[in-house]
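J.: This is my_file14.csv, which holds CSV, C-alpha atoms and all ligand atoms:
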```
chain,number,residue,atom,x,y,z
N,1475,MET,CA,-8.7,7.1,-1.1
N,1476,LYS,CA,-5.6,6.1,-3.0
N,1477,LEU,CA,-5.3,2.5,-4.1
N,1478,PHE,CA,-1.9,0.8,-4.0
N,1479,LEU,CA,-0.9,-2.7,-5.1
N,1480,ASP,CA,0.9,-4.9,-2.5
N,1481,THR,CA,3.4,-6.8,-4.7
N,1482,ALA,CA,6.9,-7.1,-6.0
N,1483,ASN,CA,5.7,-8.3,-9.4
N,1484,VAL,CA,6.3,-5.6,-12.1
N,1485,ASP,CA,3.9,-7.3,-14.6
N,1486,GLN,CA,1.0,-7.1,-12.0
N,1487,VAL,CA,1.8,-3.4,-11.4
N,1488,ALA,CA,1.8,-2.7,-15.2
N,1489,GLU,CA,-1.6,-4.5,-15.6
N,1490,ILE,CA,-3.4,-2.7,-12.8
N,1491,ALA,CA,-1.8,0.7,-13.7
N,1492,SER,CA,-3.3,0.2,-17.2
N,1493,TRP,CA,-6.8,0.4,-15.7
N,1494,GLY,CA,-6.0,4.0,-14.6
N,1495,VAL,CA,-6.7,3.3,-10.9
N,1496,LEU,CA,-3.3,2.7,-9.4
N,1497,ASP,CA,-1.6,5.3,-7.2
N,1498,GLY,CA,1.3,3.3,-5.8
N,1499,VAL,CA,2.9,0.1,-4.8
N,1500,THR,CA,4.1,-1.4,-1.5
N,1501,THR,CA,6.8,-4.0,-1.5
N,1502,ASN,CA,8.3,-5.8,1.5
N,1503,PRO,CA,11.2,-8.4,1.9
N,1504,SER,CA,8.8,-11.3,1.8
N,1505,LEU,CA,7.2,-10.2,-1.5
N,1506,VAL,CA,10.6,-9.5,-3.0
N,1507,ALA,CA,11.9,-12.9,-2.0
N,1508,LYS,CA,8.8,-14.5,-3.6
N,1509,GLU,CA,9.6,-13.0,-7.0
N,1510,GLY,CA,13.3,-13.8,-6.8
N,1511,LYS,CA,14.3,-10.7,-8.9
N,1512,ASP,CA,16.8,-7.9,-8.2
N,1513,PHE,CA,15.4,-5.5,-5.6
N,1514,LYS,CA,16.7,-2.2,-7.0
N,1515,GLU,CA,15.8,-3.1,-10.6
N,1516,THR,CA,12.3,-4.1,-9.5
N,1517,VAL,CA,11.8,-0.8,-7.6
N,1518,LEU,CA,13.1,1.3,-10.5
N,1519,LYS,CA,10.8,-0.4,-13.0
N,1520,MET,CA,7.8,0.2,-10.7
N,1521,CYS,CA,8.8,3.9,-10.2
N,1522,GLU,CA,8.3,4.3,-14.0
N,1523,LEU,CA,4.7,3.1,-13.6
N,1524,VAL,CA,3.5,4.8,-10.4
N,1525,PRO,CA,4.3,7.9,-8.3
N,1526,CYS,CA,4.9,6.1,-4.9
N,1527,VAL,CA,6.9,2.9,-4.4
N,1528,SER,CA,7.7,1.7,-0.9
N,1529,ALA,CA,11.1,0.0,-0.5
N,1530,GLN,CA,11.8,-1.5,2.9
N,1531,VAL,CA,15.0,-1.3,4.8
N,1532,THR,CA,16.4,-4.6,6.1
N,1533,ALA,CA,18.8,-3.2,8.8
N,1534,THR,CA,17.4,-3.2,12.3
N,1535,ASP,CA,19.7,-0.6,13.9
N,1536,PHE,CA,19.5,3.2,13.4
N,1537,GLU,CA,22.9,3.5,11.6
N,1538,GLY,CA,22.0,0.7,9.2
N,1539,MET,CA,18.5,2.0,8.5
N,1540,LYS,CA,19.9,5.5,7.9
N,1541,LYS,CA,22.4,4.2,5.4
N,1542,GLN,CA,19.8,2.3,3.5
N,1543,ALA,CA,17.4,5.2,3.6
N,1544,ASP,CA,20.0,7.5,2.1
N,1545,GLU,CA,20.8,4.9,-0.6
N,1546,TYR,CA,17.2,4.0,-1.6
N,1547,SER,CA,16.1,7.7,-1.7
N,1548,LYS,CA,18.7,8.3,-4.3
N,1549,TRP,CA,17.4,5.6,-6.6
N,1550,HIS,CA,14.3,7.5,-7.8
N,1551,LYS,CA,12.1,10.4,-6.6
N,1552,HIS,CA,9.1,8.1,-6.3
N,1553,VAL,CA,10.8,5.9,-3.6
N,1554,TYR,CA,9.3,5.9,-0.1
N,1555,VAL,CA,11.6,4.3,2.4
N,1556,LYS,CA,9.7,1.7,4.4
N,1557,VAL,CA,10.9,1.6,8.0
N,1558,PRO,CA,9.7,-0.9,10.7
N,1559,MET,CA,7.9,0.4,13.8
N,1560,THR,CA,10.7,0.1,16.4
N,1561,THR,CA,12.5,2.7,18.5
N,1562,GLU,CA,15.4,2.5,16.0
N,1563,GLY,CA,12.8,3.0,13.3
N,1564,LEU,CA,11.5,6.1,15.1
N,1565,LYS,CA,15.0,7.6,15.0
N,1566,THR,CA,15.2,6.8,11.3
N,1567,LEU,CA,11.8,8.5,10.7
N,1568,LYS,CA,13.1,11.7,12.4
N,1569,TYR,CA,16.3,11.6,10.4
N,1570,CYS,CA,14.4,11.1,7.1
N,1571,ARG,CA,11.9,13.9,7.8
N,1572,GLU,CA,14.8,16.3,8.5
N,1573,LYS,CA,16.6,15.2,5.3
N,1574,GLY,CA,13.4,15.3,3.1
N,1575,ILE,CA,13.4,11.5,2.6
N,1576,ARG,CA,9.8,10.3,2.4
N,1577,THR,CA,8.9,7.3,4.6
N,1578,ASN,CA,6.3,4.7,5.2
N,1579,THR,CA,6.2,3.1,8.7
N,1580,THR,CA,5.4,-0.6,8.5
N,1581,LEU,CA,4.2,-3.2,11.0
N,1582,ILE,CA,1.9,-0.9,12.9
N,1583,PHE,CA,-0.4,-2.9,15.2
N,1584,SER,CA,-1.6,-0.3,17.7
N,1585,ALA,CA,-2.9,3.3,17.8
N,1586,ALA,CA,0.0,4.2,20.2
N,1587,GLN,CA,2.5,3.0,17.5
N,1588,ALA,CA,0.6,5.0,14.9
N,1589,LEU,CA,0.8,8.1,17.0
N,1590,LEU,CA,4.5,7.8,17.7
N,1591,ALA,CA,5.4,7.2,14.0
N,1592,ALA,CA,3.4,10.2,12.9
N,1593,LYS,CA,5.0,12.4,15.6
N,1594,ALA,CA,8.5,11.1,14.6
N,1595,GLY,CA,7.9,12.3,11.1
N,1596,ALA,CA,6.5,9.4,9.0
N,1597,ASN,CA,4.8,10.5,5.7
N,1598,ILE,CA,2.8,7.3,5.7
N,1599,ILE,CA,1.9,4.8,8.5
N,1600,SER,CA,0.8,1.2,7.6
N,1601,PRO,CA,-1.5,-0.6,10.1
N,1602,PHE,CA,-1.7,-4.3,9.3
N,1603,ILE,CA,-5.4,-5.2,9.6
N,1604,GLY,CA,-5.4,-8.8,8.2
N,1605,ARG,CA,-2.7,-10.0,10.6
N,1606,LEU,CA,-4.7,-8.6,13.5
N,1607,ASP,CA,-7.9,-10.4,12.2
N,1608,ASP,CA,-5.8,-13.6,11.9
N,1609,ALA,CA,-4.8,-13.2,15.6
N,1610,GLY,CA,-8.4,-12.9,16.6
N,1611,GLN,CA,-8.5,-9.1,17.0
N,1612,ASP,CA,-10.5,-6.6,15.0
N,1613,GLY,CA,-8.2,-5.0,12.4
N,1614,MET,CA,-10.7,-2.5,11.2
N,1615,ALA,CA,-11.4,-1.3,14.7
N,1616,LEU,CA,-7.7,-0.2,14.8
N,1617,ILE,CA,-8.3,1.9,11.6
N,1618,ALA,CA,-11.3,3.5,13.3
N,1619,GLU,CA,-9.2,4.4,16.3
N,1620,ILE,CA,-6.4,5.8,14.2
N,1621,MET,CA,-8.7,7.9,12.0
N,1622,GLU,CA,-10.4,9.3,15.2
N,1623,ILE,CA,-6.9,10.4,16.5
N,1624,TRP,CA,-6.0,11.9,13.1
N,1625,SER,CA,-9.3,13.9,13.1
N,1626,HIS,CA,-8.0,15.7,16.3
N,1627,ASN,CA,-4.5,16.3,15.0
N,1628,ASP,CA,-2.9,18.0,12.0
N,1629,PHE,CA,-0.4,15.3,11.1
N,1630,ASP,CA,1.4,15.5,7.7
N,1631,CYS,CA,1.0,11.7,7.6
N,1632,GLU,CA,-1.3,9.5,5.6
N,1633,VAL,CA,-2.9,6.3,7.0
N,1634,LEU,CA,-2.3,3.3,4.7
N,1635,VAL,CA,-4.5,0.3,5.4
N,1636,ALA,CA,-2.2,-2.8,4.8
N,1637,SER,CA,-2.5,-6.5,5.0
N,1638,THR,CA,-6.0,-6.5,3.4
N,1639,ARG,CA,-7.5,-9.8,2.6
N,1640,HIS,CA,-10.8,-9.2,0.7
N,1641,PRO,CA,-12.8,-6.5,-1.1
N,1642,ARG,CA,-14.9,-5.6,2.0
N,1643,HIS,CA,-11.6,-4.5,3.8
N,1644,ILE,CA,-11.2,-1.9,1.0
N,1645,ILE,CA,-14.7,-0.5,1.3
N,1646,ASP,CA,-14.6,-0.4,5.1
N,1647,ALA,CA,-11.2,1.4,4.9
N,1648,ALA,CA,-12.7,4.0,2.4
N,1649,MET,CA,-15.8,4.5,4.6
N,1650,LEU,CA,-13.5,5.3,7.6
N,1651,GLY,CA,-11.7,7.9,5.6
N,1652,ALA,CA,-8.3,6.1,5.3
N,1653,HIS,CA,-6.0,7.9,2.9
N,1654,ILE,CA,-4.6,4.8,1.2
N,1655,CYS,CA,-5.3,1.1,1.0
N,1656,THR,CA,-2.8,-1.4,-0.3
N,1657,ILE,CA,-4.3,-4.5,-1.9
N,1658,PRO,CA,-2.8,-7.9,-3.0
N,1659,TYR,CA,-3.2,-8.7,-6.7
N,1660,ASP,CA,-5.7,-11.5,-6.2
N,1661,VAL,CA,-8.0,-9.1,-4.2
N,1662,PHE,CA,-7.5,-6.2,-6.6
N,1663,THR,CA,-8.6,-8.3,-9.6
N,1664,LYS,CA,-11.9,-9.1,-7.7
N,1665,LEU,CA,-12.8,-5.4,-7.3
N,1666,PRO,CA,-14.1,-4.7,-10.9
N,1667,LYS,CA,-16.2,-7.9,-11.0
N,1668,HIS,CA,-19.9,-8.5,-10.2
N,1669,PRO,CA,-22.0,-11.5,-11.4
N,1670,LEU,CA,-24.8,-9.1,-12.3
N,1671,THR,CA,-22.5,-7.1,-14.6
N,1672,ASP,CA,-21.5,-10.4,-16.3
N,1673,ALA,CA,-25.1,-11.5,-16.7
N,1674,GLY,CA,-26.1,-8.0,-17.9
N,1675,ILE,CA,-23.4,-8.0,-20.6
N,1676,GLU,CA,-24.4,-11.5,-21.7
N,1677,LYS,CA,-28.1,-10.4,-22.1
N,1678,PHE,CA,-27.2,-7.2,-24.0
N,1679,MET,CA,-25.0,-9.2,-26.4
N,1680,LYS,CA,-27.7,-11.9,-26.9
N,1681,ASP,CA,-30.5,-9.2,-27.5
N,1682,TRP,CA,-28.1,-7.4,-29.9
N,1683,GLU,CA,-27.7,-10.5,-32.0
N,1684,SER,CA,-31.5,-10.5,-32.7
N,1685,VAL,CA,-31.3,-6.8,-33.8
N,1686,LYS,CA,-28.5,-7.6,-36.2
N,1687,LYS,CA,-30.5,-10.4,-37.7
N,1688,LYS,CA,-33.4,-8.0,-38.6
W,1,LIG,O1,2.9,-4.9,2.6
W,1,LIG,C1,2.6,-5.2,3.9
W,1,LIG,C2,1.3,-6.0,4.1
W,1,LIG,O2,0.3,-5.6,3.3
W,1,LIG,C3,1.5,-7.5,4.3
W,1,LIG,O3,0.3,-8.2,4.2
W,1,LIG,O4,-0.8,-10.3,3.8
W,1,LIG,O5,1.5,-10.3,4.5
W,1,LIG,O6,-0.2,-9.7,6.1
W,1,LIG,P1,0.2,-9.7,4.7
```
Can you dump the structure from the file as structure tokens?
Ligand code: G3P
T.:
Amino acid sequence: MKLFLDTANVDQVAEIASWGVLDGVTTNPSLVAKEGKDFKETVLKMCELVPCVSAQVTATDFEGMKKQADEYSKWHKHVYVKVPMTTEGLKTLKYCREKGIRTNTTLIFSAAQALLAAKAGANIISPFIGRLDDAGQDGMALIAEIMEIWSHNDFDCEVLVASTRHPRHIIDAAMLGAHICTIPYDVFTKLPKHPLTDAGIEKFMKDWESVKKK
């Protein structure tokens, strides 16, 4: 499973990329607004660090999305145009697939939406599990449904588990065979840690001190 960072902060991307585990980045308008930096500049800097960077369109009609998709795709070969799951978005996915522009479909909350996006030509679909959990539904059950559907079809479309909230989401997504998981920085930095690793290092260092004294 590929691991993506869900952020618009270039320093965070550089840090996690330096661990040798980062396959891509997902941005969205809310994350870009939080950082307050120029969108194109941010995307271009990230494209130098990872091979897949999602840049979301902000138009809501087909003509506007098409125009933004054409523009973003020219910025860098690592750009994936992020398109919302609407009927106008489906038209845009079809247009992009025909033009060879790679896409990520965002705001997927049902298996029916996932199926339509894949059929329209999305390269990636992004089901939002945390927001489903927040609404009292079972986000991971949606991933199980989607992976079951994918096992019966030959879609050229990866399933990206988005809106993750804690490390268990990442493990469960991997166990279900999801292709990609996007992870917020605060969750990503929890993944390498375990209290027994810290305690083990402390003991090794303490014991080594006694060896050095001999
Ligand atoms: O990038 C999209 C998605 O991961 C957003 O997550 O935490 O805003 O539900 P969240």
J.: I'd like a table as CSV: residues in chain N with an atom no more than 8 Å from ligand LIG 1 (chain W), each row giving the shortest atom pair and its distance in Å to one decimal, all atoms listed in the file counted, sorted by chain and rising residue number.
T.:
```
residue,atom,partner,partner_atom,distance
N:Asp1480,CA,W:LIG1,O1,5.5
N:Thr1481,CA,W:LIG1,O1,7.6
N:Thr1500,CA,W:LIG1,O1,5.5
N:Thr1501,CA,W:LIG1,O1,5.7
N:Asn1502,CA,W:LIG1,O1,5.6
N:Ser1504,CA,W:LIG1,O5,7.8
N:Leu1505,CA,W:LIG1,O1,8.0
N:Thr1580,CA,W:LIG1,C1,7.1
N:Leu1581,CA,W:LIG1,C1,7.5
N:Ser1600,CA,W:LIG1,C1,7.6
N:Phe1602,CA,W:LIG1,C2,6.2
N:Ile1603,CA,W:LIG1,O6,7.7
N:Gly1604,CA,W:LIG1,O6,5.7
N:Arg1605,CA,W:LIG1,O6,5.2
N:Val1635,CA,W:LIG1,O2,7.9
N:Ala1636,CA,W:LIG1,O2,4.0
N:Ser1637,CA,W:LIG1,O3,3.4
N:Thr1638,CA,W:LIG1,O2,6.4
N:Arg1639,CA,W:LIG1,O4,6.8
N:Thr1656,CA,W:LIG1,O2,6.3
N:Ile1657,CA,W:LIG1,O2,7.0
N:Pro1658,CA,W:LIG1,O2,7.4
```
J.: Identify, on the basis of all atoms listed in the file, every residue whose closest approach to Ala1586 in chain N does not exceed 12 Å; exclude the query and any residue fewer than 4 positions from it along the same chain; express the result as a CSV table (one decimal) with C-alpha atoms, in the frame of the given file.
T.:
```csv
chain,number,residue,atom,x,y,z
N,1559,MET,CA,7.9,0.4,13.8
N,1582,ILE,CA,1.9,-0.9,12.9
N,1590,LEU,CA,4.5,7.8,17.7
N,1591,ALA,CA,5.4,7.2,14.0
N,1592,ALA,CA,3.4,10.2,12.9
N,1593,LYS,CA,5.0,12.4,15.6
N,1599,ILE,CA,1.9,4.8,8.5
N,1601,PRO,CA,-1.5,-0.6,10.1
N,1616,LEU,CA,-7.7,-0.2,14.8
N,1619,GLU,CA,-9.2,4.4,16.3
N,1620,ILE,CA,-6.4,5.8,14.2
N,1623,ILE,CA,-6.9,10.4,16.5
```
J.: With all atoms listed in the file counted, which protein, DNA or RNA residues have an atom no more than 12 Å from (10.6, 1.3, 15.9) in the file frame? Please answer as a PyMOL selection string.
T.: chain N and resi 1533-1536+1539+1556-1568+1579-1583+1586-1592+1594+1596+1599
J.: Which residue is closest to Lys1514 in chain N? Choose from N:Met1649, N:Val1685, N:Leu1670, N:Val1527 and count all atoms listed in the file.
T.: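 Of the candidates, the smallest distance to Lys1514 in chain N is held by N:Val1527.
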J.: List the neighbours of Asn1483 in chain N out to 10 Å using only C-alpha atoms; skip same-chain residues closer than 5 positions along the sequence, and give me the result as a list in words.
T.: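 After dropping sequence-adjacent residues, the list is Ala1488, Val1499, Thr1501, Leu1505, Val1506, Lys1508, Glu1509, Gly1510, Lys1511, Thr1516, Val1517, Met1520 and Tyr1659 of chain N.
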J.: List the neighbours of Cys1526 in chain N out to 10 Å using only C-alpha atoms; skip same-chain residues closer than 2 positions along the sequence, and give me the result as a ChimeraX atom specification.
T.: /N:1478,1496-1500,1520-1524,1528-1529,1550-1554,1576
J.: Considering only C-alpha atoms, return as a CSV table (one decimal) with C-alpha atoms, in the frame of the given file whatever protein or nucleic-acid residues lie within 8 Å of His1653 in chain N, sequence-local ones (same chain, fewer than 3 positions apart) excluded.
T.:
```csv
chain,number,residue,atom,x,y,z
N,1475,MET,CA,-8.7,7.1,-1.1
N,1476,LYS,CA,-5.6,6.1,-3.0
N,1632,GLU,CA,-1.3,9.5,5.6
N,1633,VAL,CA,-2.9,6.3,7.0
N,1634,LEU,CA,-2.3,3.3,4.7
N,1648,ALA,CA,-12.7,4.0,2.4
```
J.: Please measure the separation of CA of Ala1618 in chain N and CA of His1668 in chain N, giving the value in Å to one decimal.
T.: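 Calculated distance between CA of Ala1618 in chain N and CA of His1668 in chain N is 27.8 Å.
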J.: Counting only C-alpha atoms, write as a ChimeraX atom specification all protein and nucleic acid residues lying at most 12 Å from (-16.9, -0.8, -2.9) in the file's frame.
T.: /N:1475,1640-1649,1662,1664-1668
J.: Please produce a file of those selected residues containing C-alpha atoms, as a PDB file, in the coordinates of the input.
T.:
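Output contents, as saved in again04.pdb:
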```pdb
ATOM      1  CA  MET N1475      -8.700   7.100  -1.100  1.00  0.00           C
ATOM      2  CA  HIS N1640     -10.800  -9.200   0.700  1.00  0.00           C
ATOM      3  CA  PRO N1641     -12.800  -6.500  -1.100  1.00  0.00           C
ATOM      4  CA  ARG N1642     -14.900  -5.600   2.000  1.00  0.00           C
ATOM      5  CA  HIS N1643     -11.600  -4.500   3.800  1.00  0.00           C
ATOM      6  CA  ILE N1644     -11.200  -1.900   1.000  1.00  0.00           C
ATOM      7  CA  ILE N1645     -14.700  -0.500   1.300  1.00  0.00           C
ATOM      8  CA  ASP N1646     -14.600  -0.400   5.100  1.00  0.00           C
ATOM      9  CA  ALA N1647     -11.200   1.400   4.900  1.00  0.00           C
ATOM     10  CA  ALA N1648     -12.700   4.000   2.400  1.00  0.00           C
ATOM     11  CA  MET N1649     -15.800   4.500   4.600  1.00  0.00           C
ATOM     12  CA  PHE N1662      -7.500  -6.200  -6.600  1.00  0.00           C
ATOM     13  CA  LYS N1664     -11.900  -9.100  -7.700  1.00  0.00           C
ATOM     14  CA  LEU N1665     -12.800  -5.400  -7.300  1.00  0.00           C
ATOM     15  CA  PRO N1666     -14.100  -4.700 -10.900  1.00  0.00           C
ATOM     16  CA  LYS N1667     -16.200  -7.900 -11.000  1.00  0.00           C
ATOM     17  CA  HIS N1668     -19.900  -8.500 -10.200  1.00  0.00           C
TER      18      HIS N1668
END
```
J.: Let me make sure I understand: among N:Gly1674, N:Val1495, N:Ala1482, N:Pro1525, which one has the smallest atom-to-atom distance to Phe1513 in chain N if we use all atoms listed in the file?
T.: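 Among the listed residues, N:Ala1482 lies closest to Phe1513 in chain N.
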J.: Taking only C-alpha atoms into account, which of N:Trp1682, N:Ile1617, N:Trp1624, N:Thr1663 comes nearest Leu1650 in chain N?
T.: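 The answer is N:Ile1617, which sits nearest to Leu1650 in chain N.
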J.: Can you put all heavy atoms back into range 1547-1558 of chain N and show it as a PDB file, keeping the file's coordinate frame?
T.:
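What follows is the written file selection13.pdb:
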```
ATOM      1  N   SER N1547      16.692   6.377  -1.289  1.00  0.00           N
ATOM      2  CA  SER N1547      16.100   7.700  -1.700  1.00  0.00           C
ATOM      3  C   SER N1547      16.761   8.260  -2.891  1.00  0.00           C
ATOM      4  O   SER N1547      16.169   9.095  -3.576  1.00  0.00           O
ATOM      5  CB  SER N1547      16.084   8.641  -0.501  1.00  0.00           C
ATOM      6  OG  SER N1547      17.421   8.942  -0.151  1.00  0.00           O
ATOM      7  N   LYS N1548      17.999   7.835  -3.164  1.00  0.00           N
ATOM      8  CA  LYS N1548      18.700   8.300  -4.300  1.00  0.00           C
ATOM      9  C   LYS N1548      18.335   7.579  -5.609  1.00  0.00           C
ATOM     10  O   LYS N1548      18.617   8.019  -6.714  1.00  0.00           O
ATOM     11  CB  LYS N1548      20.229   8.260  -4.129  1.00  0.00           C
ATOM     12  CG  LYS N1548      20.735   9.268  -3.108  1.00  0.00           C
ATOM     13  CD  LYS N1548      22.264   9.325  -3.084  1.00  0.00           C
ATOM     14  CE  LYS N1548      22.742  10.134  -1.901  1.00  0.00           C
ATOM     15  NZ  LYS N1548      23.103   9.317  -0.725  1.00  0.00           N
ATOM     16  N   TRP N1549      17.713   6.414  -5.469  1.00  0.00           N
ATOM     17  CA  TRP N1549      17.400   5.600  -6.600  1.00  0.00           C
ATOM     18  C   TRP N1549      16.401   6.310  -7.559  1.00  0.00           C
ATOM     19  O   TRP N1549      16.557   6.318  -8.763  1.00  0.00           O
ATOM     20  CB  TRP N1549      16.723   4.271  -6.195  1.00  0.00           C
ATOM     21  CG  TRP N1549      17.662   3.285  -5.570  1.00  0.00           C
ATOM     22  CD1 TRP N1549      19.031   3.383  -5.471  1.00  0.00           C
ATOM     23  CD2 TRP N1549      17.306   2.035  -4.951  1.00  0.00           C
ATOM     24  NE1 TRP N1549      19.526   2.284  -4.828  1.00  0.00           N
ATOM     25  CE2 TRP N1549      18.504   1.437  -4.510  1.00  0.00           C
ATOM     26  CE3 TRP N1549      16.102   1.371  -4.738  1.00  0.00           C
ATOM     27  CZ2 TRP N1549      18.532   0.208  -3.877  1.00  0.00           C
ATOM     28  CZ3 TRP N1549      16.121   0.141  -4.104  1.00  0.00           C
ATOM     29  CH2 TRP N1549      17.322  -0.432  -3.671  1.00  0.00           C
ATOM     30  N   HIS N1550      15.340   6.888  -6.981  1.00  0.00           N
ATOM     31  CA  HIS N1550      14.300   7.500  -7.800  1.00  0.00           C
ATOM     32  C   HIS N1550      13.436   8.412  -6.898  1.00  0.00           C
ATOM     33  O   HIS N1550      13.250   8.093  -5.715  1.00  0.00           O
ATOM     34  CB  HIS N1550      13.398   6.411  -8.422  1.00  0.00           C
ATOM     35  CG  HIS N1550      12.574   6.861  -9.573  1.00  0.00           C
ATOM     36  ND1 HIS N1550      11.450   7.653  -9.420  1.00  0.00           N
ATOM     37  CD2 HIS N1550      12.696   6.647 -10.903  1.00  0.00           C
ATOM     38  CE1 HIS N1550      10.918   7.884 -10.603  1.00  0.00           C
ATOM     39  NE2 HIS N1550      11.654   7.296 -11.535  1.00  0.00           N
ATOM     40  N   LYS N1551      12.906   9.484  -7.465  1.00  0.00           N
ATOM     41  CA  LYS N1551      12.100  10.400  -6.600  1.00  0.00           C
ATOM     42  C   LYS N1551      10.777   9.824  -6.175  1.00  0.00           C
ATOM     43  O   LYS N1551      10.138  10.360  -5.270  1.00  0.00           O
ATOM     44  CB  LYS N1551      11.897  11.752  -7.359  1.00  0.00           C
ATOM     45  CG  LYS N1551      11.136  11.635  -8.642  1.00  0.00           C
ATOM     46  CD  LYS N1551      10.986  12.981  -9.330  1.00  0.00           C
ATOM     47  CE  LYS N1551      10.185  12.747 -10.583  1.00  0.00           C
ATOM     48  NZ  LYS N1551      10.092  13.674 -11.558  1.00  0.00           N
ATOM     49  N   HIS N1552      10.362   8.718  -6.757  1.00  0.00           N
ATOM     50  CA  HIS N1552       9.100   8.100  -6.300  1.00  0.00           C
ATOM     51  C   HIS N1552       9.269   7.103  -5.167  1.00  0.00           C
ATOM     52  O   HIS N1552       8.291   6.526  -4.708  1.00  0.00           O
ATOM     53  CB  HIS N1552       8.465   7.341  -7.523  1.00  0.00           C
ATOM     54  CG  HIS N1552       8.010   8.253  -8.618  1.00  0.00           C
ATOM     55  ND1 HIS N1552       7.601   7.801  -9.849  1.00  0.00           N
ATOM     56  CD2 HIS N1552       7.875   9.611  -8.664  1.00  0.00           C
ATOM     57  CE1 HIS N1552       7.252   8.824 -10.603  1.00  0.00           C
ATOM     58  NE2 HIS N1552       7.417   9.926  -9.911  1.00  0.00           N
ATOM     59  N   VAL N1553      10.519   6.897  -4.735  1.00  0.00           N
ATOM     60  CA  VAL N1553      10.800   5.900  -3.600  1.00  0.00           C
ATOM     61  C   VAL N1553      10.347   6.496  -2.291  1.00  0.00           C
ATOM     62  O   VAL N1553      10.693   7.630  -1.941  1.00  0.00           O
ATOM     63  CB  VAL N1553      12.254   5.514  -3.596  1.00  0.00           C
ATOM     64  CG1 VAL N1553      12.565   4.741  -2.310  1.00  0.00           C
ATOM     65  CG2 VAL N1553      12.626   4.673  -4.812  1.00  0.00           C
ATOM     66  N   TYR N1554       9.584   5.691  -1.526  1.00  0.00           N
ATOM     67  CA  TYR N1554       9.300   5.900  -0.100  1.00  0.00           C
ATOM     68  C   TYR N1554      10.040   4.867   0.664  1.00  0.00           C
ATOM     69  O   TYR N1554       9.856   3.673   0.376  1.00  0.00           O
ATOM     70  CB  TYR N1554       7.791   5.839   0.185  1.00  0.00           C
ATOM     71  CG  TYR N1554       7.010   7.091  -0.148  1.00  0.00           C
ATOM     72  CD1 TYR N1554       6.939   7.574  -1.447  1.00  0.00           C
ATOM     73  CD2 TYR N1554       6.343   7.797   0.856  1.00  0.00           C
ATOM     74  CE1 TYR N1554       6.217   8.729  -1.751  1.00  0.00           C
ATOM     75  CE2 TYR N1554       5.619   8.956   0.559  1.00  0.00           C
ATOM     76  CZ  TYR N1554       5.563   9.410  -0.743  1.00  0.00           C
ATOM     77  OH  TYR N1554       4.865  10.542  -1.028  1.00  0.00           O
ATOM     78  N   VAL N1555      10.863   5.262   1.622  1.00  0.00           N
ATOM     79  CA  VAL N1555      11.600   4.300   2.400  1.00  0.00           C
ATOM     80  C   VAL N1555      10.729   3.703   3.481  1.00  0.00           C
ATOM     81  O   VAL N1555      10.154   4.432   4.286  1.00  0.00           O
ATOM     82  CB  VAL N1555      12.888   4.939   3.009  1.00  0.00           C
ATOM     83  CG1 VAL N1555      13.646   3.922   3.847  1.00  0.00           C
ATOM     84  CG2 VAL N1555      13.774   5.535   1.918  1.00  0.00           C
ATOM     85  N   LYS N1556      10.606   2.380   3.448  1.00  0.00           N
ATOM     86  CA  LYS N1556       9.700   1.700   4.400  1.00  0.00           C
ATOM     87  C   LYS N1556      10.565   1.314   5.633  1.00  0.00           C
ATOM     88  O   LYS N1556      11.584   0.619   5.502  1.00  0.00           O
ATOM     89  CB  LYS N1556       9.119   0.476   3.742  1.00  0.00           C
ATOM     90  CG  LYS N1556       7.759   0.085   4.259  1.00  0.00           C
ATOM     91  CD  LYS N1556       7.269  -1.107   3.454  1.00  0.00           C
ATOM     92  CE  LYS N1556       5.823  -1.396   3.635  1.00  0.00           C
ATOM     93  NZ  LYS N1556       5.445  -2.682   3.017  1.00  0.00           N
ATOM     94  N   VAL N1557      10.103   1.765   6.791  1.00  0.00           N
ATOM     95  CA  VAL N1557      10.900   1.600   8.000  1.00  0.00           C
ATOM     96  C   VAL N1557       9.998   0.862   9.049  1.00  0.00           C
ATOM     97  O   VAL N1557       8.828   1.210   9.231  1.00  0.00           O
ATOM     98  CB  VAL N1557      11.210   3.021   8.592  1.00  0.00           C
ATOM     99  CG1 VAL N1557      11.921   2.932   9.925  1.00  0.00           C
ATOM    100  CG2 VAL N1557      12.019   3.828   7.583  1.00  0.00           C
ATOM    101  N   PRO N1558      10.548  -0.161   9.712  1.00  0.00           N
ATOM    102  CA  PRO N1558       9.700  -0.900  10.700  1.00  0.00           C
ATOM    103  C   PRO N1558       9.479  -0.066  11.969  1.00  0.00           C
ATOM    104  O   PRO N1558      10.291   0.776  12.342  1.00  0.00           O
ATOM    105  CB  PRO N1558      10.558  -2.130  11.028  1.00  0.00           C
ATOM    106  CG  PRO N1558      11.954  -1.737  10.726  1.00  0.00           C
ATOM    107  CD  PRO N1558      11.901  -0.742   9.606  1.00  0.00           C
TER     108      PRO N1558
END
```
